[in-house]
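*Asks:* Contents of data.pdb (PDB, C-alpha atoms, pLDDT in the B column) are below:
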```
MODEL        1
ATOM      1  CA  MET V   1       9.535  38.387  28.582  1.00 49.00           C
ATOM      2  CA  SER V   2       6.627  35.999  28.041  1.00 61.00           C
ATOM      3  CA  ASP V   3       6.931  32.236  28.218  1.00 88.00           C
ATOM      4  CA  PHE V   4       5.993  31.944  24.556  1.00 89.00           C
ATOM      5  CA  LYS V   5       8.741  34.327  23.473  1.00 90.00           C
ATOM      6  CA  TRP V   6      11.180  32.415  25.662  1.00 89.00           C
ATOM      7  CA  ALA V   7      10.030  29.135  24.050  1.00 88.00           C
ATOM      8  CA  LEU V   8      10.688  30.628  20.589  1.00 90.00           C
ATOM      9  CA  ARG V   9      14.196  31.697  21.653  1.00 89.00           C
ATOM     10  CA  ARG V  10      14.963  28.358  23.320  1.00 86.00           C
ATOM     11  CA  ALA V  11      13.905  26.562  20.116  1.00 85.00           C
ATOM     12  CA  GLY V  12      16.444  28.638  18.190  1.00 85.00           C
ATOM     13  CA  PHE V  13      14.158  30.989  16.263  1.00 88.00           C
ATOM     14  CA  VAL V  14      16.514  33.935  16.698  1.00 91.00           C
ATOM     15  CA  ASN V  15      18.149  35.977  13.933  1.00 90.00           C
ATOM     16  CA  GLU V  16      21.697  37.395  13.795  1.00 90.00           C
ATOM     17  CA  ARG V  17      20.666  40.471  15.795  1.00 91.00           C
ATOM     18  CA  GLY V  18      19.228  38.364  18.617  1.00 89.00           C
ATOM     19  CA  LEU V  19      15.606  39.093  17.700  1.00 91.00           C
ATOM     20  CA  ILE V  20      12.932  36.456  17.164  1.00 92.00           C
ATOM     21  CA  ASP V  21      12.999  35.306  13.539  1.00 92.00           C
ATOM     22  CA  ARG V  22       9.317  35.634  12.809  1.00 92.00           C
ATOM     23  CA  LYS V  23       9.374  34.134   9.308  1.00 92.00           C
ATOM     24  CA  LYS V  24      11.108  30.920  10.432  1.00 90.00           C
ATOM     25  CA  ALA V  25       8.861  30.640  13.488  1.00 91.00           C
ATOM     26  CA  MET V  26       5.723  31.127  11.364  1.00 91.00           C
ATOM     27  CA  LYS V  27       6.876  28.526   8.861  1.00 89.00           C
ATOM     28  CA  PHE V  28       7.712  26.015  11.608  1.00 86.00           C
ATOM     29  CA  LEU V  29       4.405  26.591  13.433  1.00 89.00           C
ATOM     30  CA  SER V  30       2.412  26.592  10.152  1.00 87.00           C
ATOM     31  CA  ILE V  31       1.044  30.077  10.822  1.00 90.00           C
ATOM     32  CA  LYS V  32      -0.202  32.002   7.787  1.00 90.00           C
ATOM     33  CA  SER V  33      -0.570  35.421   9.416  1.00 90.00           C
ATOM     34  CA  GLU V  34       2.137  37.411  11.169  1.00 92.00           C
ATOM     35  CA  ARG V  35      -0.658  39.018  13.180  1.00 94.00           C
ATOM     36  CA  THR V  36      -1.390  35.636  14.778  1.00 94.00           C
ATOM     37  CA  LEU V  37       2.228  35.247  15.857  1.00 93.00           C
ATOM     38  CA  GLU V  38       2.265  38.830  17.215  1.00 93.00           C
ATOM     39  CA  ARG V  39      -0.943  38.190  19.169  1.00 94.00           C
ATOM     40  CA  TRP V  40       0.451  34.947  20.642  1.00 93.00           C
ATOM     41  CA  MET V  41       3.650  36.743  21.698  1.00 92.00           C
ATOM     42  CA  ASN V  42       1.895  39.847  23.119  1.00 92.00           C
ATOM     43  CA  GLU V  43      -0.812  37.934  24.987  1.00 92.00           C
ATOM     44  CA  ASN V  44       1.425  34.978  25.839  1.00 92.00           C
ATOM     45  CA  ASN V  45      -1.438  32.746  24.746  1.00 91.00           C
ATOM     46  CA  PRO V  46      -0.474  30.518  21.775  1.00 93.00           C
ATOM     47  CA  CYS V  47      -2.434  27.460  20.804  1.00 89.00           C
ATOM     48  CA  PRO V  48      -1.369  24.300  22.719  1.00 88.00           C
ATOM     49  CA  ARG V  49      -0.103  22.663  19.518  1.00 85.00           C
ATOM     50  CA  ALA V  50       2.399  25.495  18.994  1.00 88.00           C
ATOM     51  CA  LEU V  51       3.749  25.178  22.533  1.00 86.00           C
ATOM     52  CA  LYS V  52       4.085  21.422  22.188  1.00 84.00           C
ATOM     53  CA  LEU V  53       5.907  21.773  18.863  1.00 83.00           C
ATOM     54  CA  LEU V  54       8.330  24.323  20.325  1.00 85.00           C
ATOM     55  CA  GLU V  55       8.940  22.190  23.393  1.00 83.00           C
ATOM     56  CA  HIS V  56       9.772  19.124  21.315  1.00 78.00           C
ATOM     57  CA  TYR V  57      11.853  21.127  18.869  1.00 78.00           C
ATOM     58  CA  SER V  58      13.954  22.692  21.611  1.00 77.00           C
ATOM     59  CA  LYS V  59      14.549  19.250  23.181  1.00 75.00           C
ATOM     60  CA  ASP V  60      15.266  17.597  19.803  1.00 68.00           C
ATOM     61  CA  THR V  61      12.439  15.084  20.352  1.00 66.00           C
ATOM     62  CA  MET V  62       9.640  13.957  18.083  1.00 60.00           C
ATOM     63  CA  VAL V  63       6.043  14.910  18.718  1.00 63.00           C
ATOM     64  CA  HIS V  64       4.190  11.589  18.240  1.00 66.00           C
ATOM     65  CA  GLU V  65       4.498   8.723  20.746  1.00 70.00           C
ATOM     66  CA  LYS V  66       5.247   6.217  17.962  1.00 78.00           C
ATOM     67  CA  TRP V  67       8.444   8.194  17.351  1.00 78.00           C
ATOM     68  CA  GLU V  68       9.600   8.056  20.959  1.00 77.00           C
ATOM     69  CA  GLY V  69      13.375   8.047  21.118  1.00 81.00           C
ATOM     70  CA  PHE V  70      13.731   9.427  17.577  1.00 82.00           C
ATOM     71  CA  PHE V  71      14.709  13.023  17.037  1.00 79.00           C
ATOM     72  CA  VAL V  72      15.657  15.441  14.309  1.00 77.00           C
ATOM     73  CA  CYS V  73      18.719  17.456  15.182  1.00 78.00           C
ATOM     74  CA  ARG V  74      19.247  21.041  14.126  1.00 72.00           C
ATOM     75  CA  GLU V  75      21.319  19.854  11.159  1.00 81.00           C
ATOM     76  CA  GLY V  76      18.176  18.136   9.866  1.00 83.00           C
ATOM     77  CA  LEU V  77      19.259  14.529  10.458  1.00 87.00           C
ATOM     78  CA  LEU V  78      16.850  11.923  11.814  1.00 88.00           C
ATOM     79  CA  TRP V  79      18.389  10.032  14.733  1.00 88.00           C
ATOM     80  CA  THR V  80      17.078   6.645  15.847  1.00 90.00           C
ATOM     81  CA  PRO V  81      17.030   5.391  19.439  1.00 90.00           C
ATOM     82  CA  GLN V  82      19.880   3.047  18.437  1.00 93.00           C
ATOM     83  CA  GLY V  83      22.077   6.003  17.437  1.00 92.00           C
ATOM     84  CA  ASP V  84      21.766   5.686  13.654  1.00 93.00           C
ATOM     85  CA  ARG V  85      21.290   8.883  11.697  1.00 92.00           C
ATOM     86  CA  PHE V  86      19.653   9.412   8.326  1.00 92.00           C
ATOM     87  CA  GLU V  87      19.672  12.315   5.926  1.00 92.00           C
ATOM     88  CA  PRO V  88      16.376  13.424   4.381  1.00 88.00           C
ATOM     89  CA  GLU V  89      17.666  12.437   0.929  1.00 90.00           C
ATOM     90  CA  PHE V  90      18.194   8.859   2.108  1.00 90.00           C
ATOM     91  CA  ILE V  91      14.729   8.631   3.633  1.00 85.00           C
ATOM     92  CA  SER V  92      13.157   9.912   0.414  1.00 86.00           C
ATOM     93  CA  LYS V  93      14.908   7.061  -1.444  1.00 90.00           C
ATOM     94  CA  ILE V  94      13.381   4.366   0.768  1.00 88.00           C
ATOM     95  CA  ARG V  95      10.307   4.180  -1.471  1.00 87.00           C
ATOM     96  CA  ILE V  96      12.520   3.571  -4.498  1.00 90.00           C
ATOM     97  CA  MET V  97      14.395   0.843  -2.604  1.00 90.00           C
ATOM     98  CA  GLN V  98      11.085  -0.789  -1.594  1.00 91.00           C
ATOM     99  CA  ARG V  99       9.902  -0.781  -5.211  1.00 90.00           C
ATOM    100  CA  SER V 100      13.211  -2.234  -6.329  1.00 91.00           C
ATOM    101  CA  ALA V 101      12.991  -4.980  -3.695  1.00 91.00           C
ATOM    102  CA  GLY V 102       9.433  -5.764  -4.816  1.00 90.00           C
ATOM    103  CA  TYR V 103      10.560  -6.008  -8.427  1.00 91.00           C
ATOM    104  CA  GLN V 104      13.452  -8.282  -7.436  1.00 92.00           C
ATOM    105  CA  GLN V 105      11.047 -10.492  -5.476  1.00 92.00           C
ATOM    106  CA  SER V 106       8.720 -10.812  -8.482  1.00 91.00           C
ATOM    107  CA  GLN V 107      11.708 -11.763 -10.671  1.00 92.00           C
ATOM    108  CA  ILE V 108      12.723 -14.446  -8.174  1.00 92.00           C
ATOM    109  CA  MET V 109       9.176 -15.832  -8.131  1.00 92.00           C
ATOM    110  CA  GLN V 110       9.127 -15.957 -11.959  1.00 92.00           C
ATOM    111  CA  GLN V 111      12.438 -17.826 -12.000  1.00 91.00           C
ATOM    112  CA  GLU V 112      11.173 -20.286  -9.373  1.00 90.00           C
ATOM    113  CA  SER V 113       8.084 -20.898 -11.531  1.00 88.00           C
ATOM    114  CA  LYS V 114      10.297 -21.556 -14.559  1.00 87.00           C
ATOM    115  CA  LEU V 115      12.368 -24.023 -12.526  1.00 86.00           C
ATOM    116  CA  LYS V 116       9.214 -25.892 -11.491  1.00 86.00           C
ATOM    117  CA  ASN V 117       8.140 -26.032 -15.149  1.00 85.00           C
ATOM    118  CA  LEU V 118      11.570 -27.336 -16.130  1.00 84.00           C
ATOM    119  CA  ALA V 119      11.294 -30.084 -13.512  1.00 82.00           C
ATOM    120  CA  HIS V 120       7.876 -31.008 -14.943  1.00 84.00           C
ATOM    121  CA  VAL V 121       9.293 -30.987 -18.481  1.00 85.00           C
ATOM    122  CA  GLU V 122      12.150 -33.246 -17.365  1.00 86.00           C
ATOM    123  CA  LYS V 123       9.642 -35.666 -15.827  1.00 87.00           C
ATOM    124  CA  MET V 124       7.590 -35.691 -19.050  1.00 88.00           C
ATOM    125  CA  LYS V 125      10.751 -36.188 -21.094  1.00 88.00           C
ATOM    126  CA  ASN V 126      11.567 -39.295 -19.056  1.00 88.00           C
ATOM    127  CA  GLU V 127       8.003 -40.595 -19.495  1.00 87.00           C
ATOM    128  CA  ILE V 128       8.183 -40.036 -23.267  1.00 88.00           C
ATOM    129  CA  ALA V 129      11.504 -41.886 -23.379  1.00 88.00           C
ATOM    130  CA  ARG V 130       9.929 -44.801 -21.493  1.00 86.00           C
ATOM    131  CA  LEU V 131       6.946 -44.903 -23.877  1.00 85.00           C
ATOM    132  CA  ALA V 132       9.244 -44.708 -26.897  1.00 86.00           C
ATOM    133  CA  SER V 133      11.169 -47.665 -25.514  1.00 84.00           C
ATOM    134  CA  GLU V 134       7.923 -49.613 -25.140  1.00 79.00           C
ATOM    135  CA  ILE V 135       6.896 -48.771 -28.700  1.00 79.00           C
ATOM    136  CA  GLN V 136      10.330 -49.798 -29.880  1.00 79.00           C
ATOM    137  CA  ASN V 137       9.859 -53.075 -28.014  1.00 76.00           C
ATOM    138  CA  ILE V 138       6.518 -53.702 -29.697  1.00 71.00           C
ATOM    139  CA  THR V 139       7.818 -52.941 -33.185  1.00 73.00           C
ATOM    140  CA  THR V 140      10.663 -55.427 -32.829  1.00 75.00           C
ATOM    141  CA  HIS V 141       8.231 -58.358 -32.767  1.00 67.00           C
ATOM    142  CA  THR V 142       7.697 -60.355 -35.917  1.00 70.00           C
ATOM    143  CA  GLU V 143       4.432 -60.402 -37.812  1.00 73.00           C
ATOM    144  CA  PRO V 144       3.444 -63.901 -36.599  1.00 73.00           C
ATOM    145  CA  GLU V 145       3.995 -62.794 -32.984  1.00 69.00           C
ATOM    146  CA  LEU V 146       1.751 -59.751 -33.490  1.00 64.00           C
ATOM    147  CA  HIS V 147      -0.882 -61.998 -35.210  1.00 65.00           C
ATOM    148  CA  ALA V 148      -0.816 -64.355 -32.230  1.00 66.00           C
ATOM    149  CA  PHE V 149      -1.311 -61.333 -29.960  1.00 60.00           C
ATOM    150  CA  GLU V 150      -4.313 -60.222 -32.029  1.00 61.00           C
ATOM    151  CA  LEU V 151      -5.837 -63.687 -31.767  1.00 59.00           C
ATOM    152  CA  THR V 152      -5.654 -63.619 -27.979  1.00 57.00           C
ATOM    153  CA  LEU V 153      -7.591 -60.345 -28.071  1.00 56.00           C
ATOM    154  CA  LEU V 154     -10.353 -61.905 -30.180  1.00 60.00           C
ATOM    155  CA  ASP V 155     -10.633 -65.210 -28.315  1.00 59.00           C
ATOM    156  CA  PRO V 156     -13.958 -65.256 -26.427  1.00 59.00           C
ATOM    157  CA  GLN V 157     -12.787 -68.094 -24.174  1.00 67.00           C
ATOM    158  CA  ASN V 158      -9.763 -66.189 -22.988  1.00 64.00           C
ATOM    159  CA  PRO V 159     -10.029 -62.648 -21.685  1.00 58.00           C
ATOM    160  CA  PRO V 160      -7.649 -60.256 -23.460  1.00 54.00           C
ATOM    161  CA  LYS V 161      -4.121 -60.109 -22.197  1.00 53.00           C
ATOM    162  CA  LEU V 162      -1.914 -57.147 -22.644  1.00 55.00           C
ATOM    163  CA  ALA V 163       1.254 -59.160 -22.908  1.00 55.00           C
ATOM    164  CA  VAL V 164       2.901 -60.078 -26.206  1.00 56.00           C
ATOM    165  CA  ILE V 165       3.000 -63.829 -26.752  1.00 55.00           C
ATOM    166  CA  LYS V 166       6.290 -65.095 -28.028  1.00 54.00           C
TER     167      LYS V 166
ENDMDL
END
```
Take the structure I supplied and represent it as structure tokens, if you would.

*Replies:*
Amino acid sequence: MSDFKWALRRAGFVNERGLIDRKKAMKFLSIKSERTLERWMNENNPCPRALKLLEHYSKDTMVHEKWEGFFVCREGLLWTPQGDRFEPEFISKIRIMQRSAGYQQSQIMQQESKLKNLAHVEKMKNEIARLASEIQNITTHTEPELHAFELTLLDPQNPPKLAVIK
């Protein structure tokens, strides 16, 4: 038996009768033609990518170095180096969770902006109250007091004062 056929068997591409399951092997190796698979098995000369895929698959390891320590078991679960496992359905939902988190973050930022505006409004409210108190103070003066104030503004000998003369 050739090494390539042995690699197919070791990776688990065997049917109920103990023969190589060609359809599963072709799908896994992304081969379009059964003739290609036959040629690789007869000549024991597959492309290097196919051998590498089979080797990793039979060892339950990932192909790319960034995925070192991760593996997909035969049940189709992704295992992390820390021993966590994830179903494909969960992984496909990660994008939805990221979008949801982004939306939540934008809502938080909007609320923070509203809080800042409320603080500014509160500050302005206090300033308006202070000015209203000043206006109230001015309007409580009698007409002669206001006239005396006007005269101090018009006096060329005295520079204008901004205090009410009582």

*Asks:* Evaluating the PyMOL selection byres ((chain V and resi 7-23) around 10) on the displayed file yields which residues, as an mmCIF file with C-alpha atoms, in the frame of the given file?

*Replies:*
```
data_model
loop_
_atom_site.group_PDB
_atom_site.id
_atom_site.type_symbol
_atom_site.label_atom_id
_atom_site.label_comp_id
_atom_site.auth_asym_id
_atom_site.auth_seq_id
_atom_site.Cartn_x
_atom_site.Cartn_y
_atom_site.Cartn_z
ATOM 1 C CA SER V 2 6.627 35.999 28.041
ATOM 2 C CA ASP V 3 6.931 32.236 28.218
ATOM 3 C CA PHE V 4 5.993 31.944 24.556
ATOM 4 C CA LYS V 5 8.741 34.327 23.473
ATOM 5 C CA TRP V 6 11.180 32.415 25.662
ATOM 6 C CA LYS V 24 11.108 30.920 10.432
ATOM 7 C CA ALA V 25 8.861 30.640 13.488
ATOM 8 C CA MET V 26 5.723 31.127 11.364
ATOM 9 C CA LYS V 27 6.876 28.526 8.861
ATOM 10 C CA PHE V 28 7.712 26.015 11.608
ATOM 11 C CA LEU V 29 4.405 26.591 13.433
ATOM 12 C CA ILE V 31 1.044 30.077 10.822
ATOM 13 C CA LYS V 32 -0.202 32.002 7.787
ATOM 14 C CA GLU V 34 2.137 37.411 11.169
ATOM 15 C CA LEU V 37 2.228 35.247 15.857
ATOM 16 C CA GLU V 38 2.265 38.830 17.215
ATOM 17 C CA MET V 41 3.650 36.743 21.698
ATOM 18 C CA ALA V 50 2.399 25.495 18.994
ATOM 19 C CA LEU V 51 3.749 25.178 22.533
ATOM 20 C CA LYS V 52 4.085 21.422 22.188
ATOM 21 C CA LEU V 53 5.907 21.773 18.863
ATOM 22 C CA LEU V 54 8.330 24.323 20.325
ATOM 23 C CA GLU V 55 8.940 22.190 23.393
ATOM 24 C CA HIS V 56 9.772 19.124 21.315
ATOM 25 C CA TYR V 57 11.853 21.127 18.869
ATOM 26 C CA SER V 58 13.954 22.692 21.611
ATOM 27 C CA LYS V 59 14.549 19.250 23.181
ATOM 28 C CA ASP V 60 15.266 17.597 19.803
ATOM 29 C CA ARG V 74 19.247 21.041 14.126
#
```

*Asks:* One decimal, in Å: what's the spacing between CA of Glu134 (chain V) and CA of His120 (chain V)?

*Replies:*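 Calculated distance between CA of Glu134 (chain V) and CA of His120 (chain V) is 21.2 Å.
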
*Asks:* Take the PyMOL selection byres ((chain V and resi 87-91) around 8), apply it to the structure above, and return the hits as a PyMOL selection string.

*Replies:* chain V and resi 76-78+85-86+92-94

*Asks:* For a test of reading the model, state the distance in Å between CA of Glu68 (chain V) and CA of Gly83 (chain V), rounded to one decimal.

*Replies:*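 Distance reported for this atom pair: 13.1 Å.
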
*Asks:* What does the structure give for the distance between CA of Lys66 (chain V) and CA of Gln98 (chain V), in Å to one decimal?

*Replies:*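 Pair CA of Lys66 (chain V) / CA of Gln98 (chain V) returns 21.6 Å.
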
*Asks:* Please put the answer as lines of an AutoDock Vina configuration file: centre and edge lengths, in Å with one decimal, of a box along x, y and z that encloses all listed atoms of region 117-126 of chain V plus 6 Å on each side.

*Replies:*
```
center_x = 9.9
center_y = -32.7
center_z = -17.3
size_x = 16.6
size_y = 25.3
size_z = 19.6
```

*Asks:* For the PyMOL selection byres ((chain V and resi 69) around 7), applied here, can you spell out every residue it catches as an mmCIF file with C-alpha atoms, in the frame of the given file?

*Replies:*
```cif
data_model
loop_
_atom_site.group_PDB
_atom_site.id
_atom_site.type_symbol
_atom_site.label_atom_id
_atom_site.label_comp_id
_atom_site.auth_asym_id
_atom_site.auth_seq_id
_atom_site.Cartn_x
_atom_site.Cartn_y
_atom_site.Cartn_z
ATOM 1 C CA TRP V 67 8.444 8.194 17.351
ATOM 2 C CA GLU V 68 9.600 8.056 20.959
ATOM 3 C CA PHE V 70 13.731 9.427 17.577
ATOM 4 C CA PHE V 71 14.709 13.023 17.037
ATOM 5 C CA THR V 80 17.078 6.645 15.847
ATOM 6 C CA PRO V 81 17.030 5.391 19.439
#
```
